[in-house]
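Source file structure35.cif; content: mmCIF, C-alpha atoms and all ligand atoms.
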data_my_file
#
loop_
_atom_site.label_atom_id
_atom_site.label_comp_id
_atom_site.auth_asym_id
_atom_site.auth_seq_id
_atom_site.Cartn_x
_atom_site.Cartn_y
_atom_site.Cartn_z
CA MET W 179 15.33 9.70 -69.98
CA THR W 180 13.82 10.82 -66.71
CA GLU W 181 15.67 10.82 -63.40
CA LEU W 182 13.71 7.76 -62.30
CA GLN W 183 14.38 5.73 -65.45
CA MET W 184 18.12 6.15 -64.95
CA HIS W 185 18.01 4.10 -61.76
CA THR W 186 19.10 0.69 -62.85
CA SER W 187 20.30 -1.27 -59.86
CA THR W 188 18.25 -2.24 -56.82
CA ALA W 189 19.25 -1.07 -53.36
CA VAL W 190 16.59 -2.93 -51.37
CA GLU W 191 13.98 -5.45 -52.38
CA LEU W 192 11.22 -7.14 -50.39
CA ARG W 193 9.64 -10.26 -51.87
CA ASP W 194 6.35 -11.53 -50.51
CA VAL W 195 7.25 -10.36 -47.01
CA VAL W 196 4.85 -11.36 -44.25
CA HIS W 197 5.39 -10.24 -40.68
CA ILE W 198 3.22 -11.51 -37.87
CA PHE W 199 3.47 -10.20 -34.32
CA GLY W 200 2.19 -12.02 -31.26
CA SER W 201 1.14 -15.50 -30.33
CA LYS W 202 -1.70 -17.65 -31.69
CA GLN W 203 -4.51 -16.01 -29.71
CA ALA W 204 -3.51 -12.43 -30.47
CA GLN W 205 -1.83 -12.38 -33.85
CA VAL W 206 -1.30 -9.19 -35.81
CA ARG W 207 -0.40 -9.52 -39.47
CA ALA W 208 1.60 -6.28 -39.67
CA LEU W 209 2.88 -7.05 -43.20
CA ASP W 210 0.76 -9.22 -45.44
CA GLY W 211 2.70 -10.13 -48.59
CA VAL W 212 4.71 -7.03 -49.44
CA ASP W 213 6.57 -6.92 -52.76
CA ILE W 214 8.58 -3.80 -53.38
CA ARG W 215 11.84 -2.70 -54.92
CA PHE W 216 13.72 0.47 -54.01
CA ALA W 217 16.08 1.51 -56.81
CA ARG W 218 19.56 2.77 -56.05
CA GLY W 219 19.60 6.56 -55.93
CA SER W 220 15.86 6.84 -55.33
CA TRP W 221 13.93 8.50 -52.52
CA THR W 222 10.69 6.86 -51.47
CA ALA W 223 8.14 7.99 -48.90
CA VAL W 224 6.01 5.37 -47.16
CA MET W 225 2.57 6.49 -46.03
CA GLY W 226 -0.60 4.93 -44.70
CA PRO W 227 -3.03 5.02 -41.79
CA SER W 228 -1.83 4.42 -38.25
CA GLY W 229 -1.07 0.72 -37.74
CA SER W 230 -0.86 -0.02 -41.48
CA GLY W 231 2.66 -1.47 -41.13
CA LYS W 232 4.96 1.40 -42.10
CA SER W 233 7.46 1.06 -39.26
CA THR W 234 7.42 -2.72 -39.57
CA LEU W 235 8.22 -2.41 -43.28
CA LEU W 236 11.14 -0.10 -42.48
CA HIS W 237 12.45 -2.43 -39.75
CA CYS W 238 12.24 -5.53 -41.97
CA ALA W 239 13.85 -3.73 -44.92
CA ALA W 240 16.70 -2.56 -42.69
CA GLY W 241 17.35 -5.98 -41.13
CA LEU W 242 16.27 -4.84 -37.66
CA GLU W 243 13.38 -7.28 -37.66
CA ARG W 244 13.33 -10.70 -39.33
CA PRO W 245 10.16 -11.24 -41.35
CA THR W 246 7.99 -14.26 -40.56
CA SER W 247 8.29 -15.27 -44.22
CA GLY W 248 9.47 -13.84 -47.52
CA ARG W 249 12.82 -12.42 -48.55
CA VAL W 250 14.63 -9.15 -48.04
CA MET W 251 17.59 -8.31 -50.26
CA LEU W 252 19.91 -5.46 -49.28
CA GLY W 253 22.09 -4.92 -52.33
CA ASP W 254 23.39 -8.41 -53.10
CA HIS W 255 22.82 -9.68 -49.55
CA ASP W 256 19.90 -11.93 -48.70
CA LEU W 257 19.06 -10.93 -45.13
CA ALA W 258 17.15 -14.16 -44.45
CA GLY W 259 20.35 -16.15 -44.72
CA ALA W 260 22.53 -13.70 -42.82
CA SER W 261 23.81 -14.45 -39.32
CA GLU W 262 23.37 -11.90 -36.52
CA ARG W 263 27.00 -10.96 -36.96
CA GLU W 264 26.65 -10.39 -40.69
CA LEU W 265 23.50 -8.35 -40.08
CA THR W 266 25.32 -6.16 -37.55
CA GLN W 267 28.14 -5.59 -40.02
CA LEU W 268 25.71 -4.76 -42.84
CA ARG W 269 23.87 -2.30 -40.61
CA ARG W 270 27.10 -0.58 -39.67
CA GLN W 271 28.49 -0.34 -43.18
CA ASP W 272 25.60 -0.02 -45.57
CA VAL W 273 22.67 1.33 -43.66
CA GLY W 274 21.82 4.51 -41.77
CA PHE W 275 18.80 5.04 -39.51
CA VAL W 276 16.91 8.00 -38.23
CA PHE W 277 14.39 6.92 -35.60
CA GLN W 278 11.53 8.89 -34.11
CA SER W 279 13.19 8.56 -30.71
CA PHE W 280 16.58 9.90 -32.00
CA ASN W 281 18.49 7.32 -29.89
CA LEU W 282 21.28 9.74 -28.99
CA LEU W 283 23.64 8.88 -26.14
CA GLY W 284 23.07 11.38 -23.34
CA SER W 285 26.63 11.31 -22.06
CA LEU W 286 28.15 12.19 -25.44
CA THR W 287 28.34 15.61 -27.10
CA ALA W 288 26.72 16.26 -30.47
CA GLU W 289 30.02 15.70 -32.30
CA GLN W 290 30.76 12.52 -30.31
CA ASN W 291 27.29 11.17 -31.14
CA VAL W 292 27.84 11.88 -34.83
CA ALA W 293 31.31 10.28 -34.78
CA LEU W 294 30.03 7.14 -33.03
CA PRO W 295 29.01 5.09 -36.13
CA LEU W 296 32.47 5.69 -37.60
CA ARG W 297 34.12 4.49 -34.41
CA LEU W 298 31.85 1.43 -34.21
CA ALA W 299 32.69 0.54 -37.80
CA GLY W 300 36.39 0.89 -36.99
CA GLN W 301 36.77 3.75 -39.46
CA LYS W 302 39.08 6.70 -39.13
CA VAL W 303 37.26 9.66 -37.61
CA SER W 304 37.79 13.02 -39.26
CA MET W 305 36.51 15.67 -36.85
CA THR W 306 36.55 18.17 -39.73
CA ASN W 307 34.10 15.94 -41.59
CA VAL W 308 31.94 15.40 -38.48
CA ARG W 309 31.77 19.16 -37.85
CA GLN W 310 31.00 19.86 -41.51
CA ILE W 311 27.99 17.54 -41.38
CA LEU W 312 26.77 19.15 -38.15
CA THR W 313 27.19 22.54 -39.83
CA ASP W 314 25.23 21.27 -42.86
CA VAL W 315 22.27 20.45 -40.61
CA GLY W 316 22.47 23.91 -39.04
CA LEU W 317 24.25 23.00 -35.81
CA GLY W 318 27.59 24.69 -36.44
CA ASP W 319 27.40 26.32 -33.01
CA ARG W 320 26.39 23.20 -31.05
CA PHE W 321 29.34 20.78 -31.47
CA ARG W 322 29.96 20.38 -27.72
CA HIS W 323 26.37 20.35 -26.50
CA ARG W 324 24.90 17.21 -24.98
CA PRO W 325 21.42 16.02 -26.03
CA ARG W 326 19.73 17.41 -22.88
CA GLU W 327 21.12 20.85 -23.76
CA LEU W 328 19.50 20.73 -27.21
CA SER W 329 15.88 21.21 -28.31
CA GLY W 330 13.90 18.30 -29.77
CA GLY W 331 14.42 19.61 -33.31
CA GLN W 332 18.16 20.05 -32.71
CA GLN W 333 18.42 16.51 -31.35
CA GLN W 334 16.64 15.24 -34.44
CA ARG W 335 19.19 17.03 -36.62
CA VAL W 336 22.07 15.45 -34.66
CA ALA W 337 20.42 12.07 -35.32
CA ILE W 338 20.23 12.89 -39.02
CA ALA W 339 23.88 13.98 -39.10
CA ARG W 340 24.84 10.73 -37.33
CA ALA W 341 22.93 8.68 -39.92
CA MET W 342 24.63 10.52 -42.78
CA VAL W 343 28.23 10.43 -41.55
CA THR W 344 29.11 6.96 -42.84
CA ARG W 345 27.55 7.80 -46.22
CA PRO W 346 25.34 4.70 -46.09
CA ALA W 347 24.07 3.14 -49.32
CA VAL W 348 20.57 3.20 -47.83
CA LEU W 349 19.13 5.60 -45.29
CA PHE W 350 15.98 4.50 -43.47
CA ALA W 351 14.13 7.27 -41.71
CA ASP W 352 11.02 7.18 -39.52
CA GLU W 353 9.45 10.67 -39.48
CA PRO W 354 12.80 12.44 -40.06
CA THR W 355 11.18 15.87 -39.91
CA GLY W 356 8.65 15.06 -37.18
CA ALA W 357 10.16 17.29 -34.48
CA LEU W 358 11.30 20.10 -36.76
CA ASP W 359 9.87 23.56 -37.43
CA SER W 360 9.15 24.23 -41.10
CA ARG W 361 12.47 25.99 -41.74
CA SER W 362 14.58 23.18 -40.23
CA ALA W 363 12.40 20.65 -42.06
CA ARG W 364 13.19 22.35 -45.37
CA THR W 365 16.93 22.24 -44.56
CA VAL W 366 16.73 18.52 -43.80
CA LEU W 367 14.70 17.77 -46.95
CA ALA W 368 17.26 19.66 -49.05
CA LEU W 369 20.04 17.60 -47.44
CA LEU W 370 18.20 14.36 -48.17
CA ARG W 371 17.71 15.45 -51.79
CA SER W 372 21.43 16.17 -52.14
CA MET W 373 22.29 12.71 -50.75
CA VAL W 374 20.17 11.13 -53.47
CA ARG W 375 21.26 13.43 -56.29
CA SER W 376 25.00 13.73 -55.74
CA ALA W 377 25.90 10.50 -53.98
CA ARG W 378 23.15 8.22 -55.40
CA GLN W 379 22.28 7.14 -51.89
CA THR W 380 18.86 5.56 -51.44
CA ILE W 381 16.30 6.86 -48.96
CA VAL W 382 13.24 5.08 -47.61
CA MET W 383 11.30 7.37 -45.32
CA VAL W 384 8.10 6.98 -43.31
CA THR W 385 6.10 10.16 -42.93
CA HIS W 386 2.59 11.32 -42.10
CA ASP W 387 3.16 14.70 -43.73
CA PRO W 388 2.03 15.02 -47.38
CA VAL W 389 4.36 18.00 -47.95
CA VAL W 390 7.35 15.93 -46.81
CA ALA W 391 6.19 12.90 -48.82
CA ALA W 392 5.85 15.00 -51.98
CA SER W 393 9.57 15.89 -51.69
CA ALA W 394 10.42 12.24 -52.47
CA ASP W 395 10.57 10.68 -55.96
CA SER W 396 7.67 8.37 -55.22
CA VAL W 397 5.16 7.65 -52.47
CA VAL W 398 4.11 4.14 -51.51
CA PHE W 399 0.82 3.65 -49.65
CA LEU W 400 0.24 0.86 -47.16
CA ASN W 401 -3.07 -0.33 -45.80
CA ASP W 402 -3.56 -3.31 -43.49
CA GLY W 403 -0.02 -4.52 -44.20
CA ARG W 404 -0.36 -4.42 -47.99
CA ILE W 405 0.93 -2.00 -50.59
CA VAL W 406 -2.14 -0.52 -52.18
CA ASP W 407 -0.68 2.21 -54.38
CA ARG W 408 2.48 3.94 -55.55
CA LEU W 409 2.51 7.48 -56.95
CA ILE W 410 5.47 8.80 -58.95
CA GLN W 411 6.47 12.42 -58.25
CA PRO W 412 3.03 13.31 -56.93
CA SER W 413 1.89 16.77 -55.91
CA VAL W 414 1.06 17.52 -52.26
CA ARG W 415 -2.61 17.55 -53.28
CA GLU W 416 -2.45 14.08 -54.87
CA VAL W 417 -0.76 12.66 -51.75
CA THR W 418 -3.31 14.31 -49.44
CA ASP W 419 -6.24 13.00 -51.48
CA ARG W 420 -4.89 9.44 -51.67
CA LEU W 421 -4.23 9.35 -47.93
CA ALA W 422 -7.65 10.78 -47.11
CA ALA W 423 -9.27 8.06 -49.25
CA LEU W 424 -7.37 5.37 -47.29
CA GLU W 425 -8.20 6.86 -43.92
CA ALA W 426 -11.88 7.34 -44.76
N1 LIG K 501 6.04 -5.40 -31.09
C1 LIG K 501 4.77 -5.56 -31.50
N2 LIG K 501 3.97 -6.51 -30.96
C2 LIG K 501 2.72 -6.69 -31.37
N3 LIG K 501 2.14 -5.98 -32.34
C3 LIG K 501 2.86 -5.01 -32.92
C4 LIG K 501 4.22 -4.76 -32.53
N4 LIG K 501 4.69 -3.73 -33.29
C5 LIG K 501 3.68 -3.36 -34.10
N5 LIG K 501 2.59 -4.13 -33.90
C6 LIG K 501 1.30 -4.06 -34.61
O1 LIG K 501 1.57 -4.21 -36.00
C7 LIG K 501 0.75 -3.32 -36.77
C8 LIG K 501 1.66 -2.43 -37.62
O2 LIG K 501 2.43 -1.59 -36.77
P1 LIG K 501 3.42 -0.47 -37.32
O3 LIG K 501 4.09 0.14 -36.16
O4 LIG K 501 4.27 -1.08 -38.39
O5 LIG K 501 2.38 0.56 -38.00
P2 LIG K 501 2.62 2.04 -38.52
O6 LIG K 501 1.94 2.13 -39.85
O7 LIG K 501 4.06 2.38 -38.49
O8 LIG K 501 1.80 2.88 -37.44
P3 LIG K 501 1.94 4.40 -36.90
O9 LIG K 501 1.67 5.29 -38.08
O10 LIG K 501 0.84 4.48 -35.90
O11 LIG K 501 3.31 4.56 -36.33
C9 LIG K 501 -0.10 -2.54 -35.77
O12 LIG K 501 -1.36 -3.16 -35.71
C10 LIG K 501 0.65 -2.71 -34.46
O13 LIG K 501 -0.25 -2.68 -33.36
#

Mind turning the file's structure into structure tokens?
Amino acid sequence: MTELQMHTSTAVELRDVVHIFGSKQAQVRALDGVDIRFARGSWTAVMGPSGSGKSTLLHCAAGLERPTSGRVMLGDHDLAGASERELTQLRRQDVGFVFQSFNLLGSLTAEQNVALPLRLAGQKVSMTNVRQILTDVGLGDRFRHRPRELSGGQQQRVAIARAMVTRPAVLFADEPTGALDSRSARTVLALLRSMVRSARQTIVMVTHDPVVAASADSVVFLNDGRIVDRLIQPSVREVTDRLAALEA
């Protein structure tokens, strides 16, 4: 049995999801009937041309955006029926995010930023654990630094540490290696792999980089708000070729 075949349960599922932005005169159909299932303990990269709907897919899957129609299941929870309060609770307990903009709080140190999701969820904060995660992302000597005292790549790693600290069932990441040099990117990709392998966490990641995408178990391709292909354990070359064909 392959690693992929062992994944039995579903972490996230989108069923016929449509998402329309804007009013009648200027409507954009960002997602146009998306059906996809992300198995527990799997790592999926989402790729596609600019404007194809990748971020919208991530936001709908994570419950940050309510789709215009269709259903989103997060584990056993149907997000369509969830109240704002239930959604907030789900996001705090079951979901981690890494955004392109990092979203760190400028007045807090790196370790305070990482500890924040635990505090918000009312969980006990172990500073040893927080510092271990910061050390894992290569910031063992930056615990007390504030975001403005860190480089863009270091801030991105704090954001990754913060998303990992609650050990979320699903981690959603938008360009998680976008601001990193190739060495830091490799460290982060190895961390993501270990989350999937040892803790059976699920990762859904948007990326423009074929090398990063090929680190995942599978790569989903979007075009004009529709899923047009899915490659299982592709090579960098296969990803590059498929993307080039879509962007042509
Ligand atoms: N808040 C919004 N209001 C109106 N249109 C939007 C909004 N957000 C996104 N869109 C439109 O929806 C479509 C999909 O956007 P989305 O950000 O999901 O694409 P993407 O594939 O992530 O793009 P990129 O690779 O450039 O980040 C685009 O045409 C975009 O202009």

12 Å shell around ligand LIG 501 (chain K) using only C-alpha atoms and all ligand atoms, listed as a compact mmCIF listing (two decimals) with C-alpha atoms, keeping the file's coordinate frame:
# COMPACT_ATOMS: atom_id res chain seq x y z
CA VAL W 196 4.85 -11.36 -44.25
CA HIS W 197 5.39 -10.24 -40.68
CA ILE W 198 3.22 -11.51 -37.87
CA PHE W 199 3.47 -10.20 -34.32
CA GLY W 200 2.19 -12.02 -31.26
CA SER W 201 1.14 -15.50 -30.33
CA LYS W 202 -1.70 -17.65 -31.69
CA GLN W 203 -4.51 -16.01 -29.71
CA ALA W 204 -3.51 -12.43 -30.47
CA GLN W 205 -1.83 -12.38 -33.85
CA VAL W 206 -1.30 -9.19 -35.81
CA ARG W 207 -0.40 -9.52 -39.47
CA ALA W 208 1.60 -6.28 -39.67
CA LEU W 209 2.88 -7.05 -43.20
CA ASP W 210 0.76 -9.22 -45.44
CA VAL W 224 6.01 5.37 -47.16
CA MET W 225 2.57 6.49 -46.03
CA GLY W 226 -0.60 4.93 -44.70
CA PRO W 227 -3.03 5.02 -41.79
CA SER W 228 -1.83 4.42 -38.25
CA GLY W 229 -1.07 0.72 -37.74
CA SER W 230 -0.86 -0.02 -41.48
CA GLY W 231 2.66 -1.47 -41.13
CA LYS W 232 4.96 1.40 -42.10
CA SER W 233 7.46 1.06 -39.26
CA THR W 234 7.42 -2.72 -39.57
CA LEU W 235 8.22 -2.41 -43.28
CA LEU W 236 11.14 -0.10 -42.48
CA HIS W 237 12.45 -2.43 -39.75
CA CYS W 238 12.24 -5.53 -41.97
CA ALA W 239 13.85 -3.73 -44.92
CA GLU W 243 13.38 -7.28 -37.66
CA PHE W 277 14.39 6.92 -35.60
CA GLN W 278 11.53 8.89 -34.11
CA ALA W 351 14.13 7.27 -41.71
CA ASP W 352 11.02 7.18 -39.52
CA GLU W 353 9.45 10.67 -39.48
CA GLY W 356 8.65 15.06 -37.18
CA MET W 383 11.30 7.37 -45.32
CA VAL W 384 8.10 6.98 -43.31
CA THR W 385 6.10 10.16 -42.93
CA HIS W 386 2.59 11.32 -42.10
CA ASP W 387 3.16 14.70 -43.73
CA PHE W 399 0.82 3.65 -49.65
CA LEU W 400 0.24 0.86 -47.16
CA ASN W 401 -3.07 -0.33 -45.80
CA ASP W 402 -3.56 -3.31 -43.49
CA GLY W 403 -0.02 -4.52 -44.20
CA ARG W 404 -0.36 -4.42 -47.99
CA ILE W 405 0.93 -2.00 -50.59
CA GLU W 425 -8.20 6.86 -43.92

Name the residues, using the chain letters and numbers of the file, that sit within 6 Å of (17.2, 9.7, -49.0) when counting all atoms listed in the file, and give them as an MDAnalysis selection string. chainID W and resid 221 349 370 374 380:381

Hey, what's within 7 Å of Arg193 (chain W) if we count only C-alpha atoms and toss same-chain stuff fewer than 6 positions away? As JSON, numbers by chain, please? {"W": [212, 213, 214, 248, 249, 250]}

Atomic separation - CA of Gly259 (chain W) relative to CA of Arg340 (chain W), Å: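 Taking CA of Arg340 (chain W) and CA of Gly259 (chain W), their separation equals 28.2 Å.
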
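Coordinates place CA of Met373 (chain W) at a distance of 25.5 Å from CA of Arg415 (chain W).
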
(20.3, -13.6, -43.0) in this file's frame - what residues fall within 12 Å of it? Use only C-alpha atoms and give the answer as a PyMOL selection string. chain W and resi 238-245+248-252+254-268

Length of the CA of Leu369 (chain W) to CA of Gly284 (chain W) vector [Å]: 25.1 Å

Could you tell me which of W:Thr222, W:Asn291, W:Gln411, W:Ser187 comes closest to Val398 (chain W) if we count only C-alpha atoms?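 For Val398 (chain W), the nearest of the candidates is W:Thr222.
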
Restricting to only C-alpha atoms, whichever of W:Pro412, W:Ser329, W:Val348, W:Arg215 is closest to Val382 (chain W) is W:Val348

Which residue is closest to Asp272 (chain W)? Choose from W:Thr344, W:Thr188, W:Gln310, W:Thr246 and count only C-alpha atoms.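 Nearest to Asp272 (chain W): W:Thr344.
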
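When all atoms listed in the file are used to compute distances to Arg269 (chain W), the closest of the residues W:Pro354, W:Ala341, W:Ala293, W:Glu416 turns out to be W:Ala341.
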
Would you pick out the contacts of region 362-366 of chain W at 10 Å or less, using only C-alpha atoms, so that residues sharing its chain but fewer than 5 positions from it are not included, and give the list as a list in words?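 The residues that qualify are Asp314, Val315, Gly316, Gly331, Gln332, Gln334, Arg335, Ile338, Ala339, Pro354, Thr355, Gly356, Ala357, Arg371, Ser372, Val390 and Ser393 of chain W.
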
Of the residues W:Arg408, W:Arg322, W:Arg375, W:Ala223, which is the one nearest to Ala392 (chain W), using all atoms listed in the file?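 Under the stated criterion, the closest residue is W:Ala223.
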
Starting from the sparse input, extend region 365-394 of chain W to N, CA and C atoms and give the output as a PDB file, in the frame of the given file.
ATOM      1  N   THR W 365      15.476  22.481 -44.514  1.00  0.00           N
ATOM      2  CA  THR W 365      16.930  22.240 -44.560  1.00  0.00           C
ATOM      3  C   THR W 365      17.204  20.749 -44.656  1.00  0.00           C
ATOM      4  N   VAL W 366      16.509  19.970 -43.822  1.00  0.00           N
ATOM      5  CA  VAL W 366      16.730  18.520 -43.800  1.00  0.00           C
ATOM      6  C   VAL W 366      16.300  17.897 -45.134  1.00  0.00           C
ATOM      7  N   LEU W 367      15.165  18.339 -45.677  1.00  0.00           N
ATOM      8  CA  LEU W 367      14.700  17.770 -46.950  1.00  0.00           C
ATOM      9  C   LEU W 367      15.687  18.096 -48.075  1.00  0.00           C
ATOM     10  N   ALA W 368      16.266  19.288 -48.031  1.00  0.00           N
ATOM     11  CA  ALA W 368      17.260  19.660 -49.050  1.00  0.00           C
ATOM     12  C   ALA W 368      18.509  18.782 -48.916  1.00  0.00           C
ATOM     13  N   LEU W 369      18.882  18.481 -47.673  1.00  0.00           N
ATOM     14  CA  LEU W 369      20.040  17.600 -47.440  1.00  0.00           C
ATOM     15  C   LEU W 369      19.766  16.190 -47.975  1.00  0.00           C
ATOM     16  N   LEU W 370      18.558  15.703 -47.693  1.00  0.00           N
ATOM     17  CA  LEU W 370      18.200  14.360 -48.170  1.00  0.00           C
ATOM     18  C   LEU W 370      18.233  14.339 -49.703  1.00  0.00           C
ATOM     19  N   ARG W 371      17.697  15.384 -50.315  1.00  0.00           N
ATOM     20  CA  ARG W 371      17.710  15.450 -51.790  1.00  0.00           C
ATOM     21  C   ARG W 371      19.144  15.420 -52.310  1.00  0.00           C
ATOM     22  N   SER W 372      20.047  16.133 -51.642  1.00  0.00           N
ATOM     23  CA  SER W 372      21.430  16.170 -52.140  1.00  0.00           C
ATOM     24  C   SER W 372      22.116  14.812 -51.964  1.00  0.00           C
ATOM     25  N   MET W 373      21.721  14.058 -50.922  1.00  0.00           N
ATOM     26  CA  MET W 373      22.290  12.710 -50.750  1.00  0.00           C
ATOM     27  C   MET W 373      21.917  11.823 -51.932  1.00  0.00           C
ATOM     28  N   VAL W 374      20.672  11.962 -52.376  1.00  0.00           N
ATOM     29  CA  VAL W 374      20.170  11.130 -53.470  1.00  0.00           C
ATOM     30  C   VAL W 374      20.797  11.580 -54.795  1.00  0.00           C
ATOM     31  N   ARG W 375      20.833  12.898 -54.998  1.00  0.00           N
ATOM     32  CA  ARG W 375      21.260  13.430 -56.290  1.00  0.00           C
ATOM     33  C   ARG W 375      22.769  13.285 -56.484  1.00  0.00           C
ATOM     34  N   SER W 376      23.560  13.706 -55.474  1.00  0.00           N
ATOM     35  CA  SER W 376      25.000  13.730 -55.740  1.00  0.00           C
ATOM     36  C   SER W 376      25.700  12.439 -55.377  1.00  0.00           C
ATOM     37  N   ALA W 377      25.184  11.705 -54.385  1.00  0.00           N
ATOM     38  CA  ALA W 377      25.900  10.500 -53.980  1.00  0.00           C
ATOM     39  C   ALA W 377      25.140   9.225 -54.360  1.00  0.00           C
ATOM     40  N   ARG W 378      23.980   9.366 -55.007  1.00  0.00           N
ATOM     41  CA  ARG W 378      23.150   8.220 -55.400  1.00  0.00           C
ATOM     42  C   ARG W 378      22.837   7.311 -54.213  1.00  0.00           C
ATOM     43  N   GLN W 379      22.734   7.921 -53.037  1.00  0.00           N
ATOM     44  CA  GLN W 379      22.280   7.140 -51.890  1.00  0.00           C
ATOM     45  C   GLN W 379      20.770   6.925 -52.045  1.00  0.00           C
ATOM     46  N   THR W 380      20.274   5.931 -51.332  1.00  0.00           N
ATOM     47  CA  THR W 380      18.860   5.560 -51.440  1.00  0.00           C
ATOM     48  C   THR W 380      18.193   5.909 -50.117  1.00  0.00           C
ATOM     49  N   ILE W 381      17.014   6.494 -50.195  1.00  0.00           N
ATOM     50  CA  ILE W 381      16.300   6.860 -48.960  1.00  0.00           C
ATOM     51  C   ILE W 381      14.917   6.226 -48.949  1.00  0.00           C
ATOM     52  N   VAL W 382      14.595   5.589 -47.844  1.00  0.00           N
ATOM     53  CA  VAL W 382      13.240   5.080 -47.610  1.00  0.00           C
ATOM     54  C   VAL W 382      12.771   5.738 -46.319  1.00  0.00           C
ATOM     55  N   MET W 383      11.698   6.485 -46.419  1.00  0.00           N
ATOM     56  CA  MET W 383      11.300   7.370 -45.320  1.00  0.00           C
ATOM     57  C   MET W 383       9.811   7.221 -45.006  1.00  0.00           C
ATOM     58  N   VAL W 384       9.502   6.991 -43.742  1.00  0.00           N
ATOM     59  CA  VAL W 384       8.100   6.980 -43.310  1.00  0.00           C
ATOM     60  C   VAL W 384       7.713   8.386 -42.898  1.00  0.00           C
ATOM     61  N   THR W 385       6.567   8.847 -43.377  1.00  0.00           N
ATOM     62  CA  THR W 385       6.100  10.160 -42.930  1.00  0.00           C
ATOM     63  C   THR W 385       4.574  10.211 -42.934  1.00  0.00           C
ATOM     64  N   HIS W 386       4.031  11.059 -42.083  1.00  0.00           N
ATOM     65  CA  HIS W 386       2.590  11.320 -42.100  1.00  0.00           C
ATOM     66  C   HIS W 386       2.283  12.618 -42.831  1.00  0.00           C
ATOM     67  N   ASP W 387       3.338  13.353 -43.207  1.00  0.00           N
ATOM     68  CA  ASP W 387       3.160  14.700 -43.730  1.00  0.00           C
ATOM     69  C   ASP W 387       3.191  14.707 -45.265  1.00  0.00           C
ATOM     70  N   PRO W 388       2.081  15.037 -45.910  1.00  0.00           N
ATOM     71  CA  PRO W 388       2.030  15.020 -47.380  1.00  0.00           C
ATOM     72  C   PRO W 388       3.052  15.954 -48.039  1.00  0.00           C
ATOM     73  N   VAL W 389       3.378  17.071 -47.365  1.00  0.00           N
ATOM     74  CA  VAL W 389       4.360  18.000 -47.950  1.00  0.00           C
ATOM     75  C   VAL W 389       5.740  17.337 -47.975  1.00  0.00           C
ATOM     76  N   VAL W 390       6.070  16.642 -46.890  1.00  0.00           N
ATOM     77  CA  VAL W 390       7.350  15.930 -46.810  1.00  0.00           C
ATOM     78  C   VAL W 390       7.367  14.783 -47.818  1.00  0.00           C
ATOM     79  N   ALA W 391       6.271  14.042 -47.894  1.00  0.00           N
ATOM     80  CA  ALA W 391       6.190  12.900 -48.820  1.00  0.00           C
ATOM     81  C   ALA W 391       6.363  13.357 -50.262  1.00  0.00           C
ATOM     82  N   ALA W 392       5.783  14.511 -50.587  1.00  0.00           N
ATOM     83  CA  ALA W 392       5.850  15.000 -51.980  1.00  0.00           C
ATOM     84  C   ALA W 392       7.251  15.468 -52.354  1.00  0.00           C
ATOM     85  N   SER W 393       8.168  15.561 -51.381  1.00  0.00           N
ATOM     86  CA  SER W 393       9.570  15.890 -51.690  1.00  0.00           C
ATOM     87  C   SER W 393      10.298  14.682 -52.262  1.00  0.00           C
ATOM     88  N   ALA W 394       9.763  13.472 -52.010  1.00  0.00           N
ATOM     89  CA  ALA W 394      10.420  12.240 -52.470  1.00  0.00           C
ATOM     90  C   ALA W 394      10.139  12.020 -53.959  1.00  0.00           C
TER      91      ALA W 394
END
